[in-house]
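Peer 1: Pasting in a structure now, in structure tokens, and then I'll have a few things to ask.
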Amino acid sequence: MSKISRMRGLTVPAAAAALAVTALAGCGSSAEVEQGSLGQELKGATFTVGSKDFSESIVLGKITIALLRAHGATVNDKTNIKGSTNTRTALTSKNIDMYWEYTGTGWVTYLKHTEPIPDSGRQYEAVAREDLEKNGIVWTKPAPLNNTYAFAVQKDKAAALGVTKLSDLAALARSKPADATFCIESEFSTRDDGWPGMSKAYGLDVPKGGVKSVDTGVIYSETKKGKTCTFGEVFATDGRIASMGLTVLQDDKRFFPVYNAALTLRKETAAKYPQIQQYLDPVAAKLTDDVMRKLNAQVDAEGLEPEKAANDWLDEQGFLK
């Protein structure tokens, strides 16, 4: 299950959600946490935990599964659902009970706002308030990690071209158009918080041939090679950025939304089982950018199973003792 691509907001038809969920097998391993190892507070409760289909989301799902099982719950593993829309629909249609979502995705994709709120605290509060009022979805306390969009380039190439921030790209596209080439995923090419909005915000005029649409995982390897494209659309907490020797350009106009991760669940589930937030909030507080990059690298670069990465980290932090 390593090498899983990152797709944060795919607009896959919602009708496929139930099929996507039921077709999934849980991604278990020998590292599974023993049920009730920390107590029986949730004995008799059964939860279905989902996630999207990329490593970070799956690791977060495995963390949740481990903690709920350790406190006595029976947990069905439905991690690795294809696309954001299917995962969200699985939650609202009660095919799953909870999964980790990102504040920027909630604001832009589900609540249909085109203008993000730059301040992470205010963005979380706005998403949590509106999603609860309109859709009955509770957002637990967010993690510090911010898995926002970014653009990366080879470190030596960045130095040679003299680029450190996104606002440098407009001048580069005019003076050296052959070097102003970009690899992006198809979803990013159409999102309000993606290429159309970014290129407008930064006055970036790139010929059509200078923008290549490729699979998410391929972006990293092609950016490292520097032949198909000089710059690649990446995600800020991806462990491959460091392992491949890439550097991230500063979003100096703060165009991209904040993407703090938080567990989301329906309000009736949150009300019936307040222990869920009690157990997950301290865990979320420890999930910084650096921690998530490390966990992602273990899965994507080192080949560790997401469940093993999640459980080892929980154990190291004392959450399974």
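Labeling convention for the structure tokens: chains A, B, ... as they appear, residues from 1 per chain, ligands from 1 in order of appearance.
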DSSP on the backbone: which residues in region 36-255 of chain A end up as strand (DSSP E or B)? Give the answer as a PyMOL selection string.

Peer 2: chain A and resi 46-50+74-78+98-102+137-139+146+149-154+165+182-184+211-213+231-235+246-248+250

Peer 1: Using only C-alpha atoms, which residues sit within 7 Å of region 238-254 of chain A once same-chain residues fewer than 5 positions away are excluded, as a PyMOL selection string?

Peer 2: chain A and resi 118+150-155+164-167+224+293-294+296-297+301

Peer 1: What would the file look like if the residues just selected were written as a tab-separated table (two decimals), in the first residue's frame with N, CA and C atoms?

Peer 2:
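Saved result, out-v8.tsv, follows:
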chain	number	residue	atom	x	y	z
A	118	PRO	N	-7.12	33.25	5.14
A	118	PRO	CA	-5.69	33.00	5.35
A	118	PRO	C	-5.32	32.54	6.75
A	150	ALA	N	1.60	23.41	-2.94
A	150	ALA	CA	2.86	24.15	-3.06
A	150	ALA	C	3.50	23.79	-4.39
A	151	PHE	N	4.53	24.52	-4.75
A	151	PHE	CA	5.33	24.18	-5.93
A	151	PHE	C	6.77	23.95	-5.50
A	152	ALA	N	7.34	22.86	-6.02
A	152	ALA	CA	8.71	22.50	-5.67
A	152	ALA	C	9.57	22.46	-6.92
A	153	VAL	N	10.89	22.53	-6.70
A	153	VAL	CA	11.88	22.51	-7.78
A	153	VAL	C	13.16	21.90	-7.22
A	154	GLN	N	14.00	21.35	-8.07
A	154	GLN	CA	15.31	20.88	-7.61
A	154	GLN	C	16.04	22.03	-6.91
A	155	LYS	N	16.70	21.72	-5.82
A	155	LYS	CA	17.39	22.77	-5.07
A	155	LYS	C	18.43	23.51	-5.91
A	164	THR	N	12.91	31.77	-5.44
A	164	THR	CA	12.67	31.32	-4.06
A	164	THR	C	11.20	31.38	-3.69
A	165	LYS	N	10.42	32.15	-4.47
A	165	LYS	CA	9.01	32.35	-4.15
A	165	LYS	C	8.17	32.35	-5.42
A	166	LEU	N	6.87	32.15	-5.26
A	166	LEU	CA	5.98	32.04	-6.42
A	166	LEU	C	5.94	33.33	-7.24
A	167	SER	N	6.13	34.46	-6.60
A	167	SER	CA	6.09	35.71	-7.35
A	167	SER	C	7.29	35.86	-8.29
A	224	LYS	N	12.03	15.98	-9.94
A	224	LYS	CA	13.40	15.65	-9.57
A	224	LYS	C	14.29	15.53	-10.82
A	293	ARG	N	5.37	14.72	7.72
A	293	ARG	CA	6.34	14.45	6.66
A	293	ARG	C	7.10	13.16	6.94
A	294	LYS	N	7.45	12.97	8.20
A	294	LYS	CA	8.19	11.77	8.58
A	294	LYS	C	7.34	10.52	8.37
A	296	ASN	N	4.73	10.20	6.38
A	296	ASN	CA	4.52	10.03	4.94
A	296	ASN	C	5.74	9.44	4.26
A	297	ALA	N	6.93	9.89	4.69
A	297	ALA	CA	8.16	9.37	4.10
A	297	ALA	C	8.33	7.88	4.42
A	301	ALA	N	8.41	6.60	0.85
A	301	ALA	CA	9.81	6.45	0.46
A	301	ALA	C	10.44	5.17	0.98

Peer 1: Just want the 10 Å neighbourhood of region 201-207 of chain A, counted on only C-alpha atoms, with same-chain residues fewer than 3 positions away dropped. Output as a list in words.

Peer 2: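 The residues that qualify are Leu166, Ser167, Asp168, Leu169, Ala170, Ala171, Leu172, Ala173, Arg174, Pro177, Ala178, Ala180, Thr181, Phe182, Trp195, Pro196, Gly197, Met198, Gly210, Val211, Asp251, Asp252, Lys253, Arg254 and Phe255 of chain A.
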
Peer 1: Kindly save the residues from that selection, with C-alpha atoms included, as a PDB file, in the first residue's frame.

Peer 2:
ATOM      1  CA  LEU A 166       5.983  32.039  -6.424  1.00  0.00           C
ATOM      2  CA  SER A 167       6.093  35.713  -7.348  1.00  0.00           C
ATOM      3  CA  ASP A 168       9.455  35.039  -9.050  1.00  0.00           C
ATOM      4  CA  LEU A 169       7.762  32.816 -11.623  1.00  0.00           C
ATOM      5  CA  ALA A 170       6.087  35.560 -13.679  1.00  0.00           C
ATOM      6  CA  ALA A 171       9.432  37.175 -14.525  1.00  0.00           C
ATOM      7  CA  LEU A 172      10.952  33.759 -15.237  1.00  0.00           C
ATOM      8  CA  ALA A 173       8.128  32.921 -17.664  1.00  0.00           C
ATOM      9  CA  ARG A 174       8.902  36.131 -19.573  1.00  0.00           C
ATOM     10  CA  PRO A 177       9.993  30.537 -20.947  1.00  0.00           C
ATOM     11  CA  ALA A 178      11.772  27.235 -21.661  1.00  0.00           C
ATOM     12  CA  ALA A 180       8.970  27.958 -16.829  1.00  0.00           C
ATOM     13  CA  THR A 181       7.448  24.486 -17.179  1.00  0.00           C
ATOM     14  CA  PHE A 182       5.054  22.916 -14.695  1.00  0.00           C
ATOM     15  CA  TRP A 195      -3.759  26.533 -11.299  1.00  0.00           C
ATOM     16  CA  PRO A 196      -6.390  28.998 -12.658  1.00  0.00           C
ATOM     17  CA  GLY A 197      -6.495  30.977  -9.427  1.00  0.00           C
ATOM     18  CA  MET A 198      -2.781  30.747  -8.723  1.00  0.00           C
ATOM     19  CA  GLY A 210       4.439  24.599 -20.586  1.00  0.00           C
ATOM     20  CA  VAL A 211       1.886  22.976 -18.292  1.00  0.00           C
ATOM     21  CA  ASP A 251       3.655  31.283  -1.380  1.00  0.00           C
ATOM     22  CA  ASP A 252       4.471  34.935  -0.673  1.00  0.00           C
ATOM     23  CA  LYS A 253       0.978  36.217  -1.539  1.00  0.00           C
ATOM     24  CA  ARG A 254      -0.604  33.528   0.646  1.00  0.00           C
ATOM     25  CA  PHE A 255      -2.801  32.385  -2.205  1.00  0.00           C
TER      26      PHE A 255
END

Peer 1: Could you please write out, as a ChimeraX atom specification, every residue of region 11-213 of chain A that DSSP assigns to alpha helix (DSSP H)?

Peer 2: /A:17-22,55-70,84-92,103-105,120-135,155-161,169-175,195-201

Peer 1: I need the residues from that last selection saved to file as a JSON list (two decimals), in the first residue's frame (with C-alpha atoms), if you can.

Peer 2:
[["chain", "number", "residue", "atom", "x", "y", "z"],
["A", 17, "ALA", "CA", -19.57, 6.44, -3.24],
["A", 18, "ALA", "CA", -21.43, 3.47, -1.83],
["A", 19, "LEU", "CA", -19.89, 1.17, -4.41],
["A", 20, "ALA", "CA", -16.44, 2.57, -3.69],
["A", 21, "VAL", "CA", -16.87, 1.90, 0.02],
["A", 22, "THR", "CA", -18.33, -1.59, -0.21],
["A", 55, "SER", "CA", -0.83, 7.83, 2.28],
["A", 56, "GLU", "CA", -1.36, 10.71, 4.70],
["A", 57, "SER", "CA", -5.12, 10.22, 4.87],
["A", 58, "ILE", "CA", -4.72, 6.47, 5.29],
["A", 59, "VAL", "CA", -2.17, 6.91, 8.09],
["A", 60, "LEU", "CA", -4.57, 9.27, 9.89],
["A", 61, "GLY", "CA", -7.32, 6.71, 9.47],
["A", 62, "LYS", "CA", -5.11, 3.97, 10.91],
["A", 63, "ILE", "CA", -4.26, 6.17, 13.89],
["A", 64, "THR", "CA", -7.98, 6.59, 14.58],
["A", 65, "ILE", "CA", -8.68, 2.87, 14.20],
["A", 66, "ALA", "CA", -5.89, 1.95, 16.61],
["A", 67, "LEU", "CA", -7.07, 4.31, 19.34],
["A", 68, "LEU", "CA", -10.74, 3.31, 19.09],
["A", 69, "ARG", "CA", -9.84, -0.38, 19.19],
["A", 70, "ALA", "CA", -7.49, 0.15, 22.13],
["A", 84, "SER", "CA", -12.61, 13.35, -1.64],
["A", 85, "THR", "CA", -16.17, 13.49, -2.93],
["A", 86, "ASN", "CA", -16.72, 9.76, -2.46],
["A", 87, "THR", "CA", -15.22, 9.86, 1.02],
["A", 88, "ARG", "CA", -17.34, 12.80, 2.10],
["A", 89, "THR", "CA", -20.47, 11.18, 0.64],
["A", 90, "ALA", "CA", -19.64, 7.98, 2.48],
["A", 91, "LEU", "CA", -19.74, 10.00, 5.72],
["A", 92, "THR", "CA", -22.94, 11.91, 5.02],
["A", 103, "THR", "CA", -10.15, 22.72, 6.38],
["A", 104, "GLY", "CA", -9.35, 24.14, 2.94],
["A", 105, "THR", "CA", -11.16, 21.27, 1.22],
["A", 120, "SER", "CA", -5.70, 29.02, 10.07],
["A", 121, "GLY", "CA", -7.68, 29.50, 13.30],
["A", 122, "ARG", "CA", -10.38, 31.57, 11.67],
["A", 123, "GLN", "CA", -10.52, 29.19, 8.71],
["A", 124, "TYR", "CA", -11.09, 26.21, 11.01],
["A", 125, "GLU", "CA", -13.73, 28.04, 13.05],
["A", 126, "ALA", "CA", -15.60, 29.09, 9.91],
["A", 127, "VAL", "CA", -15.57, 25.59, 8.41],
["A", 128, "ALA", "CA", -16.55, 23.89, 11.67],
["A", 129, "ARG", "CA", -19.40, 26.32, 12.35],
["A", 130, "GLU", "CA", -20.89, 26.29, 8.85],
["A", 131, "ASP", "CA", -20.53, 22.55, 8.25],
["A", 132, "LEU", "CA", -22.25, 21.79, 11.55],
["A", 133, "GLU", "CA", -25.08, 24.24, 10.87],
["A", 134, "LYS", "CA", -25.69, 23.20, 7.26],
["A", 135, "ASN", "CA", -24.74, 19.54, 7.20],
["A", 155, "LYS", "CA", 17.39, 22.77, -5.07],
["A", 156, "ASP", "CA", 20.27, 23.41, -7.47],
["A", 157, "LYS", "CA", 17.86, 24.44, -10.23],
["A", 158, "ALA", "CA", 16.17, 26.94, -7.91],
["A", 159, "ALA", "CA", 19.56, 28.46, -7.12],
["A", 160, "ALA", "CA", 20.55, 28.61, -10.79],
["A", 161, "LEU", "CA", 17.30, 30.31, -11.80],
["A", 169, "LEU", "CA", 7.76, 32.82, -11.62],
["A", 170, "ALA", "CA", 6.09, 35.56, -13.68],
["A", 171, "ALA", "CA", 9.43, 37.17, -14.53],
["A", 172, "LEU", "CA", 10.95, 33.76, -15.24],
["A", 173, "ALA", "CA", 8.13, 32.92, -17.66],
["A", 174, "ARG", "CA", 8.90, 36.13, -19.57],
["A", 175, "SER", "CA", 12.70, 35.93, -19.57],
["A", 195, "TRP", "CA", -3.76, 26.53, -11.30],
["A", 196, "PRO", "CA", -6.39, 29.00, -12.66],
["A", 197, "GLY", "CA", -6.50, 30.98, -9.43],
["A", 198, "MET", "CA", -2.78, 30.75, -8.72],
["A", 199, "SER", "CA", -1.67, 31.86, -12.18],
["A", 200, "LYS", "CA", -4.08, 34.81, -11.99],
["A", 201, "ALA", "CA", -3.00, 35.81, -8.49]]

Peer 1: So how many Å separate CA of Glu32 (chain A) and CA of Ala45 (chain A), to one decimal?

Peer 2: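 Distance reported for this atom pair: 18.2 Å.
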
Peer 1: Could you tell me how far CA of Ser93 (chain A) lies from CA of Lys43 (chain A), in Å and to one decimal?

Peer 2: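 Between CA of Ser93 (chain A) and CA of Lys43 (chain A) the gap is 24.6 Å.
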
Peer 1: Closest to Pro282 (chain A) among A:Thr140, A:Ser37, A:Thr230, A:Ser213, using only C-alpha atoms?

Peer 2: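 Nearest to Pro282 (chain A): A:Thr140.
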
Peer 1: Which residues come within 8 Å of Ile96 (chain A), counting only C-alpha atoms, excluding same-chain residues fewer than 5 positions away, as a tab-separated table (two decimals) with N, CA and C atoms, in the first residue's frame?

Peer 2:
chain	number	residue	atom	x	y	z
A	47	PHE	N	-17.70	1.17	15.06
A	47	PHE	CA	-17.47	2.31	14.18
A	47	PHE	C	-16.86	1.83	12.86
A	48	THR	N	-17.16	2.57	11.80
A	48	THR	CA	-16.51	2.36	10.52
A	48	THR	C	-15.70	3.60	10.20
A	49	VAL	N	-14.40	3.41	10.10
A	49	VAL	CA	-13.48	4.53	9.86
A	49	VAL	C	-13.03	4.50	8.40
A	50	GLY	N	-13.16	5.65	7.73
A	50	GLY	CA	-12.74	5.76	6.34
A	50	GLY	C	-11.53	6.65	6.19
A	78	LYS	N	-12.38	0.94	6.64
A	78	LYS	CA	-12.74	1.27	5.26
A	78	LYS	C	-11.87	2.42	4.75
A	90	ALA	N	-19.58	9.16	1.62
A	90	ALA	CA	-19.64	7.98	2.48
A	90	ALA	C	-19.96	8.37	3.92
A	91	LEU	N	-19.44	9.51	4.37
A	91	LEU	CA	-19.74	10.00	5.72
A	91	LEU	C	-21.18	10.48	5.83

Peer 1: Out of A:Lys82, A:His71, A:Arg191, A:Lys141, which residue has the shortest atom-to-atom distance to Trp100 (chain A) when counting only C-alpha atoms?

Peer 2: A:Lys141

Peer 1: Quote the spacing between CA of Ser186 (chain A) and CA of Lys52 (chain A) in Å to one decimal place.

Peer 2: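 About the pair CA of Ser186 (chain A) and CA of Lys52 (chain A): they are 17.2 Å apart.
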